[in-house]
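This is query30.tsv. It holds TSV, C-alpha atoms.
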chain	number	residue	atom	x	y	z
A	13	MET	CA	128.26	116.93	122.17
A	14	ASN	CA	125.65	117.40	124.89
A	15	ARG	CA	124.50	120.63	123.24
A	16	TYR	CA	123.96	118.87	119.90
A	17	LEU	CA	122.15	116.01	121.64
A	18	ILE	CA	119.83	118.45	123.41
A	19	LYS	CA	119.09	120.22	120.11
A	20	PHE	CA	118.40	116.89	118.41
A	21	VAL	CA	116.03	115.77	121.15
A	22	ALA	CA	114.29	119.15	121.18
A	23	ALA	CA	113.84	119.08	117.40
A	24	THR	CA	112.50	115.52	117.53
A	25	VAL	CA	110.00	116.42	120.25
A	26	ALA	CA	108.89	119.48	118.28
A	27	ILE	CA	108.34	117.43	115.11
A	28	VAL	CA	106.36	114.77	116.98
A	29	ALA	CA	104.30	117.45	118.73
A	30	LEU	CA	103.54	119.15	115.40
A	31	HIS	CA	102.58	115.79	113.87
A	32	ILE	CA	100.15	115.06	116.71
A	33	ALA	CA	98.74	118.60	116.74
A	34	LEU	CA	98.03	118.60	113.00
A	35	ILE	CA	96.19	115.29	113.22
A	36	LEU	CA	94.18	116.26	116.28
A	37	TYR	CA	93.24	119.83	115.43
A	38	LEU	CA	93.56	120.65	111.71
A	39	PRO	CA	90.21	119.95	109.96
A	40	GLY	CA	91.52	118.30	106.81
A	41	PRO	CA	89.16	115.72	105.21
A	42	ILE	CA	91.72	112.95	104.71
A	43	THR	CA	91.03	109.66	102.97
A	44	ALA	CA	88.74	107.50	105.10
A	45	GLU	CA	85.58	105.40	104.89
A	46	TYR	CA	83.11	108.24	105.13
A	47	TRP	CA	80.18	106.00	104.18
A	48	VAL	CA	80.23	104.59	107.71
A	49	ARG	CA	79.08	107.96	109.04
A	50	GLY	CA	76.08	107.89	106.71
A	51	ASP	CA	75.23	104.35	107.77
A	52	VAL	CA	75.45	105.31	111.45
A	53	ILE	CA	73.06	108.23	110.90
A	54	VAL	CA	70.55	106.24	108.85
A	55	LYS	CA	70.52	103.17	111.10
A	56	HIS	CA	70.18	105.21	114.26
A	57	ASP	CA	67.18	106.90	112.66
A	58	LEU	CA	65.62	103.58	111.57
A	59	ALA	CA	65.95	102.14	115.07
A	60	ALA	CA	64.86	105.27	116.92
A	61	ARG	CA	61.64	105.52	114.91
A	62	ILE	CA	60.38	102.14	116.14
A	63	THR	CA	58.20	102.32	119.26
A	64	GLU	CA	57.21	98.65	119.64
A	65	PRO	CA	59.57	95.84	120.77
A	66	LYS	CA	62.17	95.24	118.08
A	67	ILE	CA	65.21	93.14	117.16
A	68	VAL	CA	68.48	94.89	116.37
A	69	PHE	CA	71.45	93.14	114.75
A	70	LEU	CA	74.63	94.99	115.66
A	71	SER	CA	78.15	94.09	114.50
A	72	GLY	CA	80.67	95.13	111.91
A	73	SER	CA	79.91	94.77	108.22
A	74	SER	CA	79.27	91.02	108.46
A	75	SER	CA	75.72	91.80	109.64
A	76	LEU	CA	75.48	94.57	107.06
A	77	PHE	CA	75.98	92.02	104.29
A	78	ASN	CA	74.74	88.78	105.83
A	79	VAL	CA	71.44	89.58	107.52
A	80	ASP	CA	68.28	90.08	105.48
A	81	ALA	CA	66.44	92.04	108.16
A	82	ALA	CA	63.23	92.20	106.12
A	83	ARG	CA	62.99	88.39	106.09
A	84	VAL	CA	63.74	88.17	109.80
A	85	SER	CA	61.04	90.73	110.53
A	86	LYS	CA	58.46	88.85	108.51
A	87	ALA	CA	59.36	85.49	110.06
A	88	LEU	CA	59.50	86.67	113.68
A	89	HIS	CA	56.69	89.21	113.47
A	90	ARG	CA	58.74	92.03	114.93
A	91	PRO	CA	60.34	95.18	113.58
A	92	VAL	CA	64.01	94.48	112.79
A	93	VAL	CA	66.95	96.79	112.13
A	94	ASN	CA	70.20	95.69	110.54
A	95	TYR	CA	72.71	97.84	112.44
A	96	GLY	CA	75.77	96.30	110.78
A	97	LEU	CA	78.52	98.92	110.41
A	98	HIS	CA	82.26	98.28	110.08
A	99	ALA	CA	84.53	95.82	111.91
A	100	GLY	CA	87.31	98.40	111.85
A	101	MET	CA	85.51	100.21	114.67
A	102	ARG	CA	86.71	99.63	118.21
A	103	LEU	CA	84.39	97.30	120.13
A	104	ASN	CA	83.30	99.94	122.65
A	105	ARG	CA	82.64	102.44	119.84
A	106	LEU	CA	80.59	99.91	117.88
A	107	LEU	CA	78.50	98.76	120.83
A	108	SER	CA	77.90	102.34	121.97
A	109	GLU	CA	75.40	102.60	119.12
A	110	ALA	CA	72.89	100.33	120.85
A	111	PRO	CA	72.01	101.97	124.21
A	112	PRO	CA	70.48	105.16	122.76
A	113	VAL	CA	68.00	103.17	120.61
A	114	MET	CA	67.26	100.08	122.73
A	115	LYS	CA	64.12	99.94	124.88
A	116	ARG	CA	62.63	97.49	127.36
A	117	GLY	CA	61.46	94.37	125.55
A	118	ASP	CA	63.96	94.72	122.69
A	119	ILE	CA	66.36	91.99	121.60
A	120	LEU	CA	69.96	92.84	120.70
A	121	VAL	CA	71.66	90.23	118.52
A	122	LEU	CA	75.46	90.52	118.22
A	123	PRO	CA	76.92	88.48	115.32
A	124	LEU	CA	80.30	90.01	116.13
A	125	GLU	CA	83.26	89.30	113.89
A	126	GLN	CA	85.74	86.85	115.39
A	127	LEU	CA	88.42	89.49	115.91
A	128	TYR	CA	86.30	91.32	118.46
A	129	TYR	CA	86.83	88.58	121.03
A	130	GLN	CA	90.61	88.93	120.87
A	131	CYS	CA	92.71	91.23	123.04
A	132	ALA	CA	94.05	92.99	119.93
A	133	GLY	CA	90.55	94.30	119.31
A	134	ASN	CA	91.18	96.88	122.04
A	135	SER	CA	94.34	98.28	120.45
A	136	TRP	CA	94.43	101.49	118.44
A	137	THR	CA	95.09	101.13	114.72
A	138	GLU	CA	95.62	103.58	111.89
A	139	TRP	CA	92.02	102.89	110.79
A	140	HIS	CA	90.72	104.06	114.18
A	141	VAL	CA	92.73	107.27	114.13
A	142	ARG	CA	92.10	108.03	110.46
A	143	ASN	CA	88.33	107.51	110.59
A	144	GLY	CA	87.98	108.95	114.07
A	145	ARG	CA	89.40	112.29	113.02
A	146	ALA	CA	87.87	112.21	109.50
A	147	TRP	CA	84.14	111.60	110.14
A	148	ASP	CA	83.73	110.56	113.79
A	149	GLN	CA	85.21	113.69	115.32
A	150	GLU	CA	82.52	114.16	117.96
A	151	ARG	CA	83.18	110.73	119.50
A	152	PHE	CA	86.94	110.90	118.96
A	153	ASN	CA	87.26	114.39	120.44
A	154	ALA	CA	85.22	113.35	123.47
A	155	LEU	CA	88.00	110.98	124.50
A	156	PRO	CA	90.51	112.23	127.07
A	157	LEU	CA	93.32	114.17	125.43
A	158	THR	CA	95.90	111.75	126.80
A	159	GLN	CA	94.10	108.85	125.10
A	160	ARG	CA	93.90	110.69	121.79
A	161	VAL	CA	97.57	111.66	121.91
A	162	LYS	CA	98.53	108.07	122.67
A	163	ALA	CA	96.35	106.82	119.82
A	164	VAL	CA	97.98	109.19	117.33
A	165	PHE	CA	101.47	108.46	118.66
A	166	ASP	CA	100.96	104.68	118.57
A	167	ALA	CA	98.97	104.24	115.38
A	168	SER	CA	99.37	107.11	112.91
A	169	PRO	CA	102.12	106.86	110.27
A	170	PRO	CA	104.50	109.82	109.90
A	171	THR	CA	102.86	110.77	106.61
A	172	MET	CA	99.38	111.29	108.09
A	173	SER	CA	100.07	114.81	109.33
A	174	ALA	CA	101.24	115.82	105.84
A	175	GLU	CA	98.08	114.23	104.41
A	176	VAL	CA	95.97	116.23	106.86
A	177	LEU	CA	97.69	119.45	105.83
A	178	ALA	CA	97.23	118.67	102.12
A	179	ALA	CA	93.55	117.85	102.66
A	180	TRP	CA	93.05	121.11	104.58
A	181	LEU	CA	94.60	123.06	101.71
A	182	GLN	CA	92.35	121.26	99.22
A	183	ARG	CA	89.25	121.97	101.29
A	184	THR	CA	90.22	125.62	101.61
A	185	PHE	CA	91.35	126.39	98.05
A	186	THR	CA	90.06	123.60	95.76
A	187	PRO	CA	87.05	122.04	97.55
A	188	SER	CA	85.89	120.29	94.39
A	189	ARG	CA	88.80	117.87	94.80
A	190	VAL	CA	87.36	116.61	98.09
A	191	SER	CA	83.69	117.21	97.32
A	192	GLU	CA	82.60	113.61	97.97
A	193	ARG	CA	84.18	113.67	101.43
A	194	LEU	CA	82.62	117.03	102.23
A	195	ALA	CA	79.21	115.77	101.06
A	196	ALA	CA	79.54	112.80	103.41
A	197	LEU	CA	80.08	115.28	106.26
A	198	ALA	CA	76.79	117.05	105.54
A	199	PRO	CA	74.41	117.59	108.48
A	200	ALA	CA	72.50	114.50	109.59
A	201	ASP	CA	69.18	115.87	108.36
A	202	VAL	CA	70.61	116.17	104.85
A	203	ILE	CA	71.90	112.57	104.92
A	204	LEU	CA	68.49	111.37	106.13
A	205	ALA	CA	66.55	113.43	103.61
A	206	ASN	CA	68.62	111.97	100.77
A	207	TYR	CA	68.11	108.44	102.08
A	208	HIS	CA	64.37	108.66	102.73
A	209	SER	CA	63.70	110.41	99.42
A	210	GLY	CA	64.83	107.33	97.51
A	211	GLU	CA	66.15	109.57	94.75
A	212	TYR	CA	69.77	108.60	95.35
A	213	ARG	CA	69.45	104.82	95.48
A	214	THR	CA	72.44	103.14	93.85
A	215	ALA	CA	71.85	101.00	90.77
A	216	GLY	CA	74.66	98.60	91.66
A	217	PHE	CA	76.79	97.73	94.65
A	218	SER	CA	78.21	100.63	96.60
A	219	HIS	CA	79.30	101.35	100.14
A	220	SER	CA	76.76	104.08	100.70
A	221	PRO	CA	73.77	104.70	102.95
A	222	ASN	CA	71.82	105.00	99.71
A	223	ASN	CA	72.53	101.32	99.03
A	224	LEU	CA	70.63	100.27	102.17
A	225	ASP	CA	67.09	98.93	102.14
A	226	ALA	CA	64.35	100.12	104.52
A	227	TYR	CA	65.66	97.77	107.23
A	228	GLY	CA	69.32	98.80	107.01
A	229	SER	CA	70.57	95.79	105.03
A	230	ILE	CA	72.94	96.38	102.13
A	231	THR	CA	71.76	95.55	98.62
A	232	ASN	CA	73.27	94.58	95.26
A	233	ALA	CA	75.97	92.27	96.69
A	234	VAL	CA	75.86	89.99	93.67
A	235	GLY	CA	78.67	87.65	92.64
A	236	ALA	CA	81.60	85.90	94.31
A	237	ARG	CA	84.71	88.08	94.14
A	238	PHE	CA	86.68	87.01	97.20
A	239	ARG	CA	89.73	84.81	96.57
A	240	GLY	CA	91.56	85.00	99.89
A	241	THR	CA	91.49	82.76	102.95
A	242	GLY	CA	88.82	82.59	105.61
A	243	VAL	CA	88.91	83.02	109.36
A	244	ALA	CA	90.18	79.88	111.10
A	245	PRO	CA	87.26	77.76	112.37
A	246	SER	CA	89.02	77.63	115.76
A	247	GLU	CA	88.48	81.38	116.27
A	248	PRO	CA	87.30	82.60	118.63
A	249	GLY	CA	88.27	80.39	121.50
A	250	ALA	CA	88.32	81.72	125.02
A	251	VAL	CA	87.34	85.40	125.09
A	252	CYS	CA	90.16	87.82	125.92
A	253	PRO	CA	89.92	88.59	129.68
A	254	THR	CA	89.66	92.37	129.23
A	255	THR	CA	87.06	91.94	126.49
A	256	LYS	CA	85.16	89.52	128.72
A	257	VAL	CA	85.06	92.07	131.54
A	258	TYR	CA	83.81	94.76	129.16
A	259	LEU	CA	81.14	92.55	127.58
A	260	THR	CA	79.94	91.37	130.99
A	261	ALA	CA	79.37	94.96	132.11
A	262	TYR	CA	77.71	95.77	128.77
A	263	VAL	CA	75.33	92.80	128.92
A	264	ASN	CA	74.46	93.61	132.54
A	265	ASP	CA	73.62	97.18	131.51
A	266	MET	CA	71.38	95.88	128.74
A	267	LYS	CA	69.59	93.60	131.20
A	268	VAL	CA	68.94	96.55	133.50
A	269	ARG	CA	67.37	98.28	130.51
A	270	GLY	CA	65.17	95.23	129.92
A	271	VAL	CA	67.02	94.21	126.75
A	272	ILE	CA	67.89	90.59	125.90
A	273	VAL	CA	71.38	90.08	124.44
A	274	ILE	CA	72.05	87.16	122.10
A	275	ILE	CA	75.40	86.27	120.53
A	276	ALA	CA	75.36	84.85	116.99
A	277	TYR	CA	78.18	83.49	114.85
A	278	ALA	CA	79.68	85.26	111.86
A	279	PRO	CA	80.30	82.99	108.83
A	280	TYR	CA	83.44	80.98	108.10
A	281	LEU	CA	84.86	80.37	104.62
A	282	THR	CA	85.62	76.62	104.56
A	283	ASN	CA	85.81	74.92	101.18
A	284	LYS	CA	86.36	71.58	102.86
A	285	ALA	CA	85.30	70.18	106.20
A	286	PRO	CA	87.82	71.34	108.85
A	287	ASP	CA	89.29	68.92	111.36
A	288	ASP	CA	87.66	68.75	114.76
A	289	THR	CA	90.19	70.92	116.60
A	290	TRP	CA	87.76	73.86	116.43
A	291	LYS	CA	85.32	72.10	118.74
A	292	ALA	CA	87.44	72.52	121.88
A	293	GLU	CA	87.87	76.24	121.13
A	294	ASP	CA	84.17	76.63	120.51
A	295	ALA	CA	83.41	75.03	123.87
A	296	LEU	CA	85.65	77.63	125.56
A	297	PHE	CA	83.91	80.40	123.65
A	298	ARG	CA	80.41	79.25	124.59
A	299	ARG	CA	81.50	78.87	128.22
A	300	ASP	CA	82.75	82.45	128.28
A	301	VAL	CA	79.59	83.79	126.63
A	302	ALA	CA	77.58	82.07	129.37
A	303	ASP	CA	79.84	83.72	131.96
A	304	ILE	CA	79.26	87.08	130.27
A	305	GLY	CA	75.53	86.57	130.75
A	306	ALA	CA	74.48	86.33	127.12
A	307	THR	CA	73.09	83.42	125.10
A	308	VAL	CA	74.64	81.88	121.99
A	309	THR	CA	72.22	81.14	119.19
A	310	GLY	CA	73.00	78.52	116.55
A	311	THR	CA	76.16	76.45	116.12
A	312	ARG	CA	79.54	77.24	114.67
A	313	GLN	CA	79.40	74.27	112.34
A	314	ASP	CA	76.30	75.64	110.62
A	315	MET	CA	78.31	78.75	109.70
A	316	PHE	CA	80.84	76.88	107.51
A	317	TYR	CA	80.16	78.15	103.98
A	318	PRO	CA	81.84	77.50	100.60
A	319	ARG	CA	83.68	80.21	98.68
A	320	ASP	CA	80.97	80.75	96.08
A	321	LEU	CA	78.73	82.29	98.76
A	322	PHE	CA	81.18	85.09	99.64
A	323	PHE	CA	81.04	88.48	97.98
A	324	ASN	CA	84.19	90.56	98.49
A	325	THR	CA	85.72	89.58	101.87
A	326	ASN	CA	85.88	86.49	104.04
A	327	LEU	CA	83.00	87.83	106.17
A	328	HIS	CA	80.73	89.33	103.49
A	329	LEU	CA	78.25	86.90	101.99
A	330	ASN	CA	76.67	87.58	98.62
A	331	THR	CA	72.91	87.53	98.05
A	332	ASP	CA	72.83	83.72	97.87
A	333	GLY	CA	74.94	83.38	101.00
A	334	ARG	CA	72.80	85.94	102.80
A	335	ALA	CA	69.66	83.93	102.02
A	336	ARG	CA	71.22	80.81	103.55
A	337	TYR	CA	72.61	82.67	106.56
A	338	THR	CA	69.30	84.42	107.24
A	339	THR	CA	67.37	81.15	107.03
A	340	SER	CA	69.66	79.60	109.65
A	341	LEU	CA	69.45	82.72	111.78
A	342	ILE	CA	65.64	82.70	111.75
A	343	ASP	CA	65.52	79.04	112.76
A	344	ASP	CA	68.10	79.56	115.50
A	345	LEU	CA	66.34	82.61	116.92
A	346	LYS	CA	63.00	80.85	116.94
A	347	ARG	CA	64.52	78.15	119.13
A	348	THR	CA	66.44	80.58	121.30
A	349	ILE	CA	63.69	83.06	122.09
A	350	GLY	CA	60.72	80.71	121.87
A	351	TYR	CA	59.02	81.81	118.68
A	352	GLN	CA	56.65	79.34	117.08
Would you encode the structure as structure tokens?
Amino acid sequence: MNRYLIKFVAATVAIVALHIALILYLPGPITAEYWVRGDVIVKHDLAARITEPKIVFLSGSSSLFNVDAARVSKALHRPVVNYGLHAGMRLNRLLSEAPPVMKRGDILVLPLEQLYYQCAGNSWTEWHVRNGRAWDQERFNALPLTQRVKAVFDASPPTMSAEVLAAWLQRTFTPSRVSERLAALAPADVILANYHSGEYRTAGFSHSPNNLDAYGSITNAVGARFRGTGVAPSEPGAVCPTTKVYLTAYVNDMKVRGVIVIIAYAPYLTNKAPDDTWKAEDALFRRDVADIGATVTGTRQDMFYPRDLFFNTNLHLNTDGRARYTTSLIDDLKRTIGYQ
């Protein structure tokens, strides 16, 4: 019996080890959101080109959809970059985009999605592992091996290693079947040349760096497709303690660099006026942001929007919603940073 048990355990360990090894080391272009890589490359380039004091909006895709950076730039008389990416990214990975492009005198506005203030925002998910090994390999591989192994063990489904193997076979023998993914992994200078040429602009909505305007804002988000529920108006309340510690250190680092950090609200889908229970949670949130060392601009109540202003998720506004959100944002920032 003991001999069979030992063989079973050994076989199980070998299978798990093979699963982890395939995911970590076999270069198979599995299904993922490769457009994020293109957006990262383009937005880094847009921000790095600016030499005068600028404003950068950094969050997940809520900023990508909701901020009309061109209007903000015109109203506040500063260069502006919409650095909205994807809320599936881990908070530290998302915010790591700012330091390389921020300079003394810049303003960093963080309209972070509500989930980022929760403790769960620090946990590994399948999205993190899948996209980390698909298009963000440099950052993912820079993590300690123990952390990567734990991430794969905790968050990758058993089928992912088989998917990696199948994708590797396709790339090796039938690359046309994964041509779009391979194109998204082209060198950065190719991605930038395509973007700046303007020849590949999309005619309609698409998640693509070629659907970004000259300020990094997405275009063609017309209509109101979303039919689900919105984020509860009571979220976020108190910031998760570990997140609070991280954000405090991050804001302090920005201050040392001479960068002002401002927290803005993401929108809330509320077809009817919510009860007042959200107010106590908002007070806790604003208290914690003050402790972190940042400033909140605007009010939560001004971010309650009806369904017809949402495009395809409960955080993505359509063009009409973006116009309203940007107007509020401009007014709030003028009051917060003293623009006349």
Skipping near chain neighbours, those fewer than 5 positions away, what residues fall within 12 Å of Ala60 of chain A using all atoms listed in the file, listed as a list of chain:residue names?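 Near neighbours after the sequence-gap exclusion: A:Val52, A:Ile53, A:Val54, A:Lys55, A:Pro65, A:Lys66, A:Val68, A:Pro91, A:Val92, A:Val93, A:Tyr95, A:Glu109, A:Ala110, A:Pro111, A:Pro112, A:Val113, A:Met114, A:Lys115.
Among the candidates A:Leu259, A:Leu157, A:Ala244, A:Val301, the residue lying nearest to Pro286 of chain A is A:Ala244 (atoms considered: all atoms listed in the file).
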From the list A:Thr255, A:Ser218, A:Thr171, A:Asn78, which residue is nearest Thr338 of chain A when using only C-alpha atoms? A:Asn78
Which polymer residues, protein or nucleic acid, are no farther than 9 Å from (70.4, 84.0, 108.2), counting all atoms listed in the file, as a list in words?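 Collected hits near the coordinates: Asn78, Val79, Asp80, Ala81, Arg83, Val84, Gly333, Arg334, Ala335, Arg336, Tyr337, Thr338, Thr339, Ser340, Leu341, Ile342, Asp343 and Asp344 of chain A.
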Would you save the residues of that selection, restricted to C-alpha atoms, as a PDB file, keeping the file's coordinate frame?
ATOM      1  CA  ASN A  78      74.740  88.780 105.830  1.00  0.00           C
ATOM      2  CA  VAL A  79      71.440  89.580 107.520  1.00  0.00           C
ATOM      3  CA  ASP A  80      68.280  90.080 105.480  1.00  0.00           C
ATOM      4  CA  ALA A  81      66.440  92.040 108.160  1.00  0.00           C
ATOM      5  CA  ARG A  83      62.990  88.390 106.090  1.00  0.00           C
ATOM      6  CA  VAL A  84      63.740  88.170 109.800  1.00  0.00           C
ATOM      7  CA  GLY A 333      74.940  83.380 101.000  1.00  0.00           C
ATOM      8  CA  ARG A 334      72.800  85.940 102.800  1.00  0.00           C
ATOM      9  CA  ALA A 335      69.660  83.930 102.020  1.00  0.00           C
ATOM     10  CA  ARG A 336      71.220  80.810 103.550  1.00  0.00           C
ATOM     11  CA  TYR A 337      72.610  82.670 106.560  1.00  0.00           C
ATOM     12  CA  THR A 338      69.300  84.420 107.240  1.00  0.00           C
ATOM     13  CA  THR A 339      67.370  81.150 107.030  1.00  0.00           C
ATOM     14  CA  SER A 340      69.660  79.600 109.650  1.00  0.00           C
ATOM     15  CA  LEU A 341      69.450  82.720 111.780  1.00  0.00           C
ATOM     16  CA  ILE A 342      65.640  82.700 111.750  1.00  0.00           C
ATOM     17  CA  ASP A 343      65.520  79.040 112.760  1.00  0.00           C
ATOM     18  CA  ASP A 344      68.100  79.560 115.500  1.00  0.00           C
TER      19      ASP A 344
END
Residues near Thr307 of chain A, anyone? I mean within 10 Å using only C-alpha atoms, not counting same-chain ones fewer than 2 positions away, as a ChimeraX atom specification. /A:121,272-276,298,301-305,309-310,348-349
Return the single residue from A:Asn232, A:Leu224, A:Leu36, A:Ala44 that is closest to Gln159 of chain A, with distances computed using all atoms listed in the file. A:Leu36
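The interatomic distance for the pair atom CA of Gly210 of chain A and atom CA of Asn222 of chain A works out to 7.7 Å.
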When distances are computed from all atoms listed in the file, which of A:Tyr277, A:Leu34, A:Arg49, A:Asn326 shows the smallest separation from Pro170 of chain A?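 Closest to Pro170 of chain A of all the choices is A:Leu34.
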Name the closest residue to Ala250 of chain A among the candidates A:Ala226, A:Ala292, A:Ala87, A:Leu345; distances are taken between atoms, counting only C-alpha atoms.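 Using only C-alpha atoms, Ala250 of chain A sits closest to A:Ala292.
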Taking into account all atoms listed in the file, which residue in the set A:Gln149, A:Asn94, A:Ser108, A:Ser73 is nearest to Met266 of chain A? A:Ser108
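Of note, atom CA of Val141 of chain A and atom CA of Asp51 of chain A are spaced 18.8 Å apart.
Counting from atom CA of Glu247 of chain A, the distance to atom CA of Leu70 of chain A is 19.4 Å.
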Would you give the centre and edge lengths, in Å to one decimal, of a box along x, y and z around the listed atoms of segment 86-94 of chain A, with 8 Å added to each side, as JSON?
{"center_x": 63.4, "center_y": 91.1, "center_z": 111.7, "size_x": 29.5, "size_y": 27.3, "size_z": 22.4}
As a ChimeraX atom specification, please: the residues near Ile35 of chain A (cut-off 9 Å, only C-alpha atoms, same-chain neighbours under 2 positions excluded). /A:30-33,37-40,141-142,145,164,168,172-174,176-177
